[in-house]
file work-v9.cif (mmCIF, C-alpha atoms)
data_model
loop_
_atom_site.label_atom_id
_atom_site.label_comp_id
_atom_site.auth_asym_id
_atom_site.auth_seq_id
_atom_site.Cartn_x
_atom_site.Cartn_y
_atom_site.Cartn_z
CA MET A 1 86.32 111.63 112.02
CA VAL A 2 88.67 113.30 109.57
CA SER A 3 92.12 112.82 108.10
CA ILE A 4 94.68 115.55 108.76
CA SER A 5 97.27 116.77 106.30
CA VAL A 6 100.06 119.03 107.56
CA ARG A 7 101.96 120.57 104.65
CA HIS A 8 105.28 122.36 105.09
CA LEU A 9 104.30 124.18 108.30
CA THR A 10 106.83 126.75 109.46
CA LYS A 11 106.47 128.96 112.54
CA LYS A 12 108.86 131.42 114.17
CA PHE A 13 108.60 132.97 117.62
CA GLY A 14 110.97 135.92 117.37
CA SER A 15 114.32 134.42 116.42
CA THR A 16 113.27 130.91 117.57
CA LEU A 17 112.12 128.44 114.92
CA GLY A 18 109.19 126.59 116.49
CA LEU A 19 108.33 124.50 113.43
CA ASN A 20 110.70 123.91 110.53
CA ASP A 21 108.95 122.80 107.31
CA VAL A 22 106.85 120.07 108.99
CA SER A 23 104.78 117.78 106.75
CA LEU A 24 102.67 114.96 108.18
CA GLU A 25 99.67 112.79 107.26
CA ILE A 26 97.34 111.50 109.99
CA GLN A 27 94.70 108.96 108.94
CA ARG A 28 91.02 108.92 109.86
CA GLY A 29 90.40 107.25 113.22
CA GLU A 30 94.10 107.08 114.02
CA LEU A 31 95.44 107.67 117.53
CA PHE A 32 98.61 109.58 116.69
CA PHE A 33 101.28 110.60 119.21
CA LEU A 34 103.70 113.53 119.10
CA LEU A 35 106.81 112.98 121.23
CA GLY A 36 110.11 114.65 121.86
CA PRO A 37 112.13 116.57 124.44
CA SER A 38 110.96 119.91 125.87
CA GLY A 39 110.99 122.64 123.25
CA CYS A 40 111.01 120.22 120.29
CA GLY A 41 107.83 121.68 118.75
CA LYS A 42 105.24 119.00 119.59
CA THR A 43 102.85 121.33 121.46
CA THR A 44 103.37 124.05 118.85
CA LEU A 45 102.28 121.61 116.14
CA LEU A 46 99.27 120.53 118.18
CA ARG A 47 98.19 124.14 118.66
CA HIS A 48 98.42 124.77 114.93
CA ILE A 49 96.11 121.81 114.30
CA ALA A 50 93.74 123.12 116.98
CA GLY A 51 93.68 126.59 115.40
CA PHE A 52 95.33 128.46 118.27
CA TYR A 53 98.32 129.40 116.08
CA THR A 54 98.56 130.47 112.43
CA PRO A 55 101.67 129.31 110.55
CA ASP A 56 104.10 131.69 108.89
CA LYS A 57 104.25 129.28 105.95
CA GLY A 58 102.48 126.09 104.94
CA SER A 59 98.92 124.81 105.11
CA LEU A 60 96.70 122.48 107.09
CA TYR A 61 93.83 120.33 105.77
CA PHE A 62 91.02 118.40 107.44
CA ASP A 63 90.10 115.91 104.71
CA ALA A 64 89.97 118.13 101.60
CA GLU A 65 89.16 121.35 103.49
CA ASP A 66 91.87 123.97 103.95
CA VAL A 67 91.58 125.02 107.61
CA THR A 68 94.87 126.93 107.82
CA HIS A 69 93.13 130.20 108.65
CA LEU A 70 89.88 128.79 110.06
CA PRO A 71 89.23 129.91 113.68
CA ALA A 72 89.58 127.25 116.36
CA HIS A 73 85.88 127.27 117.29
CA LYS A 74 84.88 126.44 113.70
CA ARG A 75 87.12 123.40 113.28
CA GLY A 76 84.94 120.91 115.13
CA THR A 77 87.80 119.90 117.41
CA ALA A 78 88.16 119.43 121.16
CA MET A 79 91.22 119.58 123.37
CA MET A 80 92.04 118.12 126.75
CA PHE A 81 94.72 120.03 128.65
CA GLN A 82 97.28 118.98 131.23
CA SER A 83 95.67 121.24 133.87
CA TYR A 84 92.10 119.98 133.03
CA ALA A 85 90.91 123.68 133.09
CA LEU A 86 87.74 122.85 135.06
CA TRP A 87 85.61 125.55 136.69
CA PRO A 88 85.47 124.95 140.46
CA HIS A 89 82.30 127.03 140.95
CA MET A 90 80.36 124.74 138.60
CA SER A 91 79.06 121.24 139.14
CA VAL A 92 80.38 118.26 137.18
CA SER A 93 77.39 118.38 134.81
CA GLN A 94 77.73 122.13 134.30
CA ASN A 95 81.39 121.71 133.39
CA VAL A 96 80.59 118.99 130.89
CA ALA A 97 77.66 120.93 129.40
CA PHE A 98 79.63 124.14 128.83
CA GLY A 99 80.63 123.41 125.21
CA LEU A 100 77.08 122.47 124.25
CA GLU A 101 75.66 125.61 125.86
CA GLU A 102 78.14 127.71 123.91
CA ARG A 103 76.82 126.02 120.78
CA ARG A 104 73.25 126.86 121.91
CA ARG A 105 71.96 123.30 121.82
CA PRO A 106 68.43 122.61 123.18
CA LYS A 107 68.22 121.98 126.91
CA LYS A 108 66.91 118.41 126.61
CA GLU A 109 69.65 117.51 124.14
CA ILE A 110 72.27 118.93 126.51
CA GLU A 111 70.94 116.90 129.44
CA GLN A 112 70.91 113.70 127.39
CA ARG A 113 74.38 114.16 125.92
CA VAL A 114 75.89 115.13 129.30
CA ALA A 115 74.41 111.99 130.87
CA GLU A 116 75.81 109.87 128.02
CA ALA A 117 79.26 111.46 128.34
CA LEU A 118 79.39 110.92 132.11
CA ALA A 119 78.35 107.29 131.66
CA LEU A 120 81.05 106.86 129.03
CA VAL A 121 83.78 107.94 131.47
CA LYS A 122 82.19 106.02 134.36
CA LEU A 123 81.00 109.03 136.36
CA ASP A 124 77.30 108.14 136.41
CA GLY A 125 75.49 109.74 139.34
CA LEU A 126 78.21 112.32 140.07
CA GLY A 127 76.79 115.14 137.94
CA ASP A 128 75.74 117.29 140.93
CA ARG A 129 79.10 117.17 142.70
CA ARG A 130 81.51 120.09 142.81
CA ILE A 131 84.94 119.71 141.28
CA ALA A 132 86.63 120.04 144.69
CA GLN A 133 84.77 116.93 145.85
CA LEU A 134 86.41 114.76 143.21
CA SER A 135 89.69 112.88 143.20
CA GLY A 136 92.38 113.69 140.66
CA GLY A 137 91.36 110.73 138.53
CA GLN A 138 87.70 111.76 138.60
CA GLN A 139 88.60 115.33 137.61
CA GLN A 140 90.54 113.94 134.70
CA ARG A 141 87.45 112.00 133.61
CA VAL A 142 85.32 115.15 133.81
CA ALA A 143 87.75 116.91 131.48
CA LEU A 144 87.55 113.91 129.15
CA ALA A 145 83.74 113.95 129.19
CA ARG A 146 83.67 117.70 128.50
CA ALA A 147 85.85 117.24 125.43
CA LEU A 148 83.87 114.28 124.10
CA VAL A 149 80.37 115.65 124.67
CA VAL A 150 80.70 118.04 121.71
CA ARG A 151 81.39 115.03 119.45
CA PRO A 152 84.58 116.40 117.94
CA SER A 153 85.96 115.37 114.55
CA VAL A 154 89.47 115.66 116.00
CA PHE A 155 90.30 115.01 119.66
CA MET A 156 93.56 116.53 120.92
CA LEU A 157 95.27 115.76 124.22
CA ASP A 158 98.16 117.78 125.62
CA GLU A 159 99.94 115.66 128.28
CA PRO A 160 96.60 114.85 129.95
CA LEU A 161 97.93 112.24 132.40
CA SER A 162 100.99 114.02 133.76
CA ASN A 163 99.23 115.09 136.99
CA LEU A 164 98.06 111.58 137.92
CA ASP A 165 99.80 108.97 140.04
CA ALA A 166 101.27 105.88 138.40
CA LYS A 167 98.27 103.59 138.98
CA LEU A 168 95.76 106.09 137.58
CA ARG A 169 97.97 106.78 134.59
CA LEU A 170 97.89 103.10 133.66
CA GLU A 171 94.12 102.96 134.09
CA MET A 172 93.48 106.07 132.02
CA ARG A 173 95.76 105.00 129.17
CA SER A 174 93.50 102.11 128.28
CA GLU A 175 90.39 104.19 128.98
CA ILE A 176 91.37 106.98 126.58
CA ARG A 177 92.33 104.54 123.84
CA ARG A 178 89.08 102.59 124.32
CA ILE A 179 86.99 105.74 124.00
CA CYS A 180 88.85 107.02 120.93
CA LYS A 181 88.43 103.68 119.17
CA GLU A 182 84.83 103.20 120.27
CA PHE A 183 83.86 106.57 118.79
CA GLY A 184 86.18 106.35 115.80
CA LEU A 185 87.89 109.61 116.76
CA THR A 186 90.97 110.95 115.06
CA GLY A 187 93.16 111.58 118.11
CA ILE A 188 96.39 113.54 118.45
CA TYR A 189 98.19 113.09 121.73
CA VAL A 190 101.22 115.06 122.95
CA THR A 191 103.42 113.48 125.62
CA HIS A 192 107.03 113.16 126.74
CA ASP A 193 106.26 109.74 128.27
CA GLN A 194 107.51 107.06 125.88
CA LYS A 195 105.71 104.23 127.72
CA GLU A 196 102.43 106.09 127.27
CA ALA A 197 103.08 106.37 123.54
CA LEU A 198 104.28 102.80 123.05
CA SER A 199 101.24 101.37 124.85
CA MET A 200 98.57 103.57 123.21
CA ALA A 201 99.60 104.85 119.79
CA ASP A 202 98.70 103.53 116.36
CA ARG A 203 101.59 105.62 115.04
CA MET A 204 103.91 108.23 116.49
CA ALA A 205 106.18 111.07 115.40
CA ILE A 206 109.42 111.92 117.18
CA MET A 207 110.33 115.62 116.98
CA GLU A 208 113.52 117.53 117.61
CA SER A 209 114.26 121.25 117.09
CA GLY A 210 111.00 121.85 115.25
CA LYS A 211 111.48 118.97 112.80
CA LEU A 212 110.08 115.47 112.40
CA VAL A 213 112.87 112.97 112.98
CA GLN A 214 110.90 109.74 112.54
CA VAL A 215 107.29 108.65 111.97
CA GLY A 216 106.06 105.09 112.38
CA ALA A 217 104.25 102.46 114.42
CA PRO A 218 105.50 101.98 118.01
CA MET A 219 107.32 98.71 117.34
CA GLN A 220 108.88 100.08 114.15
CA VAL A 221 110.25 103.14 115.93
CA TYR A 222 111.46 101.15 118.93
CA ARG A 223 113.10 98.37 116.91
CA ASN A 224 114.39 100.55 114.07
CA PRO A 225 115.27 104.02 115.43
CA ALA A 226 116.29 106.54 112.76
CA ASN A 227 119.21 107.89 114.78
CA LYS A 228 120.80 108.05 118.24
CA MET A 229 118.34 110.66 119.49
CA VAL A 230 115.34 108.41 118.75
CA ALA A 231 117.03 105.29 120.14
CA GLU A 232 117.79 107.08 123.40
CA PHE A 233 114.47 108.91 123.69
CA ILE A 234 112.26 105.87 123.06
CA GLY A 235 113.37 103.56 125.84
CA GLU A 236 116.80 102.78 127.25
CA THR A 237 119.73 101.64 125.15
CA ASN A 238 123.47 100.96 125.20
CA PHE A 239 125.60 102.79 122.62
CA ILE A 240 128.87 101.35 121.34
CA ASP A 241 130.96 103.18 118.74
CA GLY A 242 132.65 101.17 116.01
CA THR A 243 133.68 100.94 112.37
CA ILE A 244 132.09 98.86 109.61
CA LYS A 245 134.42 95.99 108.67
CA GLN A 246 132.47 94.01 106.09
CA ALA A 247 129.13 92.54 105.09
CA SER A 248 128.41 89.39 107.09
CA TYR A 249 127.93 85.99 105.53
CA ARG A 250 124.32 86.33 106.73
CA GLU A 251 122.34 88.51 104.37
CA GLY A 252 121.39 91.94 105.73
CA LEU A 253 123.91 91.82 108.60
CA TRP A 254 127.25 93.61 108.94
CA ASP A 255 130.37 93.04 111.01
CA VAL A 256 131.55 96.00 113.08
CA GLU A 257 134.92 96.48 114.77
CA THR A 258 134.48 97.88 118.29
CA PRO A 259 136.52 98.21 121.50
CA CYS A 260 134.59 95.12 122.65
CA GLY A 261 135.70 93.09 119.64
CA LEU A 262 133.83 92.13 116.47
CA LEU A 263 130.07 92.63 116.78
CA ARG A 264 127.40 91.81 114.22
CA GLY A 265 124.16 93.72 113.64
CA ARG A 266 121.62 95.07 111.17
CA PRO A 267 121.48 98.61 109.76
CA SER A 268 118.48 100.75 110.68
CA GLY A 269 116.33 102.71 108.26
CA ASP A 270 117.92 103.69 104.96
CA LEU A 271 121.51 103.21 106.15
CA VAL A 272 123.65 101.36 103.59
CA PRO A 273 126.96 100.63 105.37
CA VAL A 274 130.33 100.74 103.62
CA SER A 275 133.64 99.35 104.86
CA GLY A 276 135.52 101.81 107.06
CA GLN A 277 132.41 103.83 107.91
CA PRO A 278 132.20 105.04 111.55
CA VAL A 279 128.90 103.94 113.13
CA THR A 280 127.21 103.58 116.51
CA LEU A 281 125.59 100.37 117.68
CA SER A 282 122.41 100.46 119.77
CA ILE A 283 121.62 97.46 121.99
CA ARG A 284 118.57 97.59 124.26
CA PRO A 285 119.15 96.39 127.87
CA GLU A 286 116.46 93.70 127.51
CA ALA A 287 118.21 92.39 124.35
CA LEU A 288 121.27 91.45 126.40
CA THR A 289 121.18 88.13 128.19
CA LEU A 290 123.39 86.00 130.42
CA ARG A 291 122.26 82.91 128.46
CA GLU A 292 123.86 81.40 125.36
CA VAL A 293 122.72 82.92 122.03
CA PRO A 294 123.37 80.51 119.13
CA ASP A 295 125.09 81.77 115.96
CA SER A 296 126.02 85.16 117.41
CA PRO A 297 129.49 86.65 117.88
CA ASN A 298 128.08 89.36 120.15
CA ARG A 299 129.80 88.50 123.44
CA PHE A 300 130.80 90.80 126.26
CA HIS A 301 132.88 89.80 129.28
CA GLY A 302 132.83 91.79 132.49
CA ASN A 303 131.57 91.94 136.05
CA ILE A 304 128.46 93.24 137.75
CA ILE A 305 128.99 96.52 139.58
CA GLU A 306 125.35 97.29 140.51
CA THR A 307 122.13 95.30 140.85
CA THR A 308 118.62 96.82 140.98
CA TYR A 309 115.66 94.51 141.65
CA LEU A 310 112.30 95.84 140.38
CA GLY A 311 110.03 92.83 140.89
CA GLU A 312 109.19 91.96 137.30
CA MET A 313 112.81 92.49 136.28
CA VAL A 314 116.33 92.91 137.57
CA GLN A 315 118.70 95.50 136.12
CA TYR A 316 122.45 94.99 136.07
CA GLU A 317 125.17 97.55 135.49
CA ILE A 318 128.16 95.75 134.00
CA ALA A 319 131.73 96.93 133.48
CA THR A 320 133.26 95.05 130.57
CA ARG A 321 136.93 94.10 130.17
CA ASP A 322 137.24 96.84 127.56
CA GLY A 323 135.79 99.59 129.75
CA GLN A 324 132.42 99.66 127.97
CA PRO A 325 129.57 100.09 130.49
CA LEU A 326 126.48 97.99 129.77
CA ARG A 327 122.97 97.97 131.19
CA VAL A 328 121.26 94.58 131.17
CA SER A 329 117.59 93.92 132.02
CA GLU A 330 116.40 90.40 132.82
CA MET A 331 112.65 89.83 132.96
CA ASN A 332 111.09 87.49 135.55
CA PRO A 333 114.43 86.65 137.18
CA LEU A 334 114.68 83.28 138.92
CA GLN A 335 117.81 84.38 140.73
CA ILE A 336 119.48 87.72 141.37
CA LEU A 337 123.20 88.12 140.87
CA GLN A 338 124.97 90.50 143.21
CA PRO A 339 127.87 92.86 142.41
CA SER A 340 131.11 90.89 142.30
CA ALA A 341 134.58 90.82 140.82
CA ASP A 342 133.72 87.44 139.26
CA GLU A 343 133.60 87.63 135.47
CA ILE A 344 130.39 86.87 133.61
CA ARG A 345 129.48 86.72 129.92
CA VAL A 346 126.65 88.70 128.31
CA MET A 347 125.35 88.06 124.78
CA ALA A 348 123.00 89.63 122.23
CA ALA A 349 121.32 88.21 119.13
CA THR A 350 122.46 89.76 115.86
CA GLU A 351 118.93 91.02 115.09
CA ASP A 352 118.98 93.00 118.34
CA VAL A 353 122.14 94.95 117.51
CA VAL A 354 121.10 98.02 115.49
CA ILE A 355 123.66 99.91 113.39
CA LEU A 356 123.13 103.69 113.35
CA ARG A 357 124.92 106.55 111.63
CA ARG A 358 127.42 108.21 113.90
#
call {"tool": "encode", "arguments": {"input": "work-v9.cif", "output": "structure tokens"}}
result
Amino acid sequence: MVSISVRHLTKKFGSTLGLNDVSLEIQRGELFFLLGPSGCGKTTLLRHIAGFYTPDKGSLYFDAEDVTHLPAHKRGTAMMFQSYALWPHMSVSQNVAFGLEERRRPKKEIEQRVAEALALVKLDGLGDRRIAQLSGGQQQRVALARALVVRPSVFMLDEPLSNLDAKLRLEMRSEIRRICKEFGLTGIYVTHDQKEALSMADRMAIMESGKLVQVGAPMQVYRNPANKMVAEFIGETNFIDGTIKQASYREGLWDVETPCGLLRGRPSGDLVPVSGQPVTLSIRPEALTLREVPDSPNRFHGNIIETTYLGEMVQYEIATRDGQPLRVSEMNPLQILQPSADEIRVMAATEDVVILRR
């Protein structure tokens, strides 16, 4: 395993800036996720680390070694692609062995390592099958075994689960994380699926327009988004515009004037509010509740206009008195409220109201 240091990487494709002065440190054995909307630069950054692209400016280090201009095949890395890139005319074992044969390893060593890799991904006994005889999940495991059999120092994954159905995606999330941790691999994983990242990552980076917007552990990014883009991209949220009124009597909290009345919350990141400052509040749907929240002024009155039951939760769309739409998620509901003109009250704890720059 190695640590990875990305230093001021810049890359242009014609007039388009793919990476804009990106610097990033990834620790040894860390499973690190790159997220962001399409075209944000996450795959471009991954391909620089893999050696498929050379930056216009900046440098890239594996531990203390400068690999900026080192060819991809000399970096000791492996990549798993979205399409799997398996050869249909080869057997499962032949697909897995390909990287070792290219490295001219002895035949007995290849056989042993292929068998170990197939056992690792739970495909024992399927080495002689053709790719067309496998399910989508099994093909995904073959691609995983092929990447791992070369014992890479860095394991890169480019949206590897996007072709699987929901049940297989859940299964393979835990499988990939287990394997990376079992082998102590430094893993870099590109996805647009925030649930995938939240459930698997040690740390993550959110990208936008070729820049890093925020880097941190999943809970840190979810609970303390750097800006509106991050808050909206990582999960669902309700935005309410307002103006800072004053510091609250409770340390670290601020009172904000909004169309819904006075709300109280905590600033995110390095934001230091000042009176009169325009801000945006972010309140996650699951942070809103129909129950009483002690010592909180965060009350909304309105009526339910839509109800969606999802088994483990129920989602409500609420129109408040002040015209502010709210989404509310209630886990493990004991009863389900239906749309009605009857007024209800929704509350949020002060720690769950996040103050962002507008």
call {"tool": "resolve_selection", "arguments": {"input": "work-v9.cif", "expression": "the PyMOL selection byres ((chain A and resi 276) around 8)", "output": "MDAnalysis selection string"}}
result
chainID A and resid 243:245 274:275 277:278
call {"tool": "closest_residue", "arguments": {"input": "work-v9.cif", "among": "A:Glu109, A:Glu30, A:Asp56, A:Glu232", "to": "Gly18 (chain A)", "atoms": "only C-alpha atoms"}}
result
A:Asp56
call {"tool": "closest_residue", "arguments": {"input": "work-v9.cif", "among": "A:Leu170, A:Met90, A:Val190, A:Leu60", "to": "Thr44 (chain A)", "atoms": "only C-alpha atoms"}}
result
A:Val190
call {"tool": "residues_near_point", "arguments": {"input": "work-v9.cif", "point": "(125.3, 91.2, 116.6)", "cutoff": "10 Å", "atoms": "only C-alpha atoms", "output": "number ranges by chain"}}
result
A: 253-256, 262-266, 281, 283, 295-299, 347-355
call {"tool": "atom_distance", "arguments": {"input": "work-v9.cif", "atom1": "CA of Tyr84 (chain A)", "atom2": "CA of Gly36 (chain A)"}}
result
21.9 Å
call {"tool": "atom_distance", "arguments": {"input": "work-v9.cif", "atom1": "CA of Val314 (chain A)", "atom2": "CA of Gly302 (chain A)"}}
result
17.3 Å
call {"tool": "residues_around", "arguments": {"input": "work-v9.cif", "residues": "Lys195 (chain A)", "least_positions_apart": "2", "cutoff": "10 Å", "atoms": "all atoms listed in the file", "output": "PyMOL selection string"}}
result
chain A and resi 170+191-193+197-200+218+234-235
call {"tool": "resolve_selection", "arguments": {"input": "work-v9.cif", "expression": "the PyMOL selection byres ((chain A and resi 311) around 12)", "output": "PyMOL selection string"}}
result
chain A and resi 308-310+312-315+329-336
call {"tool": "residues_around", "arguments": {"input": "work-v9.cif", "residues": "region 319-328 of chain A", "least_positions_apart": "5", "cutoff": "6 Å", "atoms": "only C-alpha atoms", "output": "ChimeraX atom specification"}}
result
/A:260,285,288,301-303
call {"tool": "resolve_selection", "arguments": {"input": "work-v9.cif", "expression": "the PyMOL selection byres ((chain A and resi 138) around 10)", "output": "PyMOL selection string"}}
result
chain A and resi 92+121-123+126+131+133-137+139-144+168
call {"tool": "write_last_selection", "arguments": {"input": "work-v9.cif", "atoms": "C-alpha atoms", "output": "PDB file, keeping the file's coordinate frame"}}
result
ATOM      1  CA  VAL A  92      80.380 118.260 137.180  1.00  0.00           C
ATOM      2  CA  VAL A 121      83.780 107.940 131.470  1.00  0.00           C
ATOM      3  CA  LYS A 122      82.190 106.020 134.360  1.00  0.00           C
ATOM      4  CA  LEU A 123      81.000 109.030 136.360  1.00  0.00           C
ATOM      5  CA  LEU A 126      78.210 112.320 140.070  1.00  0.00           C
ATOM      6  CA  ILE A 131      84.940 119.710 141.280  1.00  0.00           C
ATOM      7  CA  GLN A 133      84.770 116.930 145.850  1.00  0.00           C
ATOM      8  CA  LEU A 134      86.410 114.760 143.210  1.00  0.00           C
ATOM      9  CA  SER A 135      89.690 112.880 143.200  1.00  0.00           C
ATOM     10  CA  GLY A 136      92.380 113.690 140.660  1.00  0.00           C
ATOM     11  CA  GLY A 137      91.360 110.730 138.530  1.00  0.00           C
ATOM     12  CA  GLN A 139      88.600 115.330 137.610  1.00  0.00           C
ATOM     13  CA  GLN A 140      90.540 113.940 134.700  1.00  0.00           C
ATOM     14  CA  ARG A 141      87.450 112.000 133.610  1.00  0.00           C
ATOM     15  CA  VAL A 142      85.320 115.150 133.810  1.00  0.00           C
ATOM     16  CA  ALA A 143      87.750 116.910 131.480  1.00  0.00           C
ATOM     17  CA  LEU A 144      87.550 113.910 129.150  1.00  0.00           C
ATOM     18  CA  LEU A 168      95.760 106.090 137.580  1.00  0.00           C
TER      19      LEU A 168
END
call {"tool": "residues_around", "arguments": {"input": "work-v9.cif", "residues": "region 46-55 of chain A", "least_positions_apart": "6", "cutoff": "6 Å", "atoms": "all atoms listed in the file", "output": "list in words"}}
result
Thr10, Lys11, Pro71 and Ala72 of chain A
call {"tool": "closest_residue", "arguments": {"input": "work-v9.cif", "among": "A:Glu111, A:Glu116, A:Asp270, A:Glu286", "to": "Ala226 (chain A)", "atoms": "only C-alpha atoms"}}
result
A:Asp270
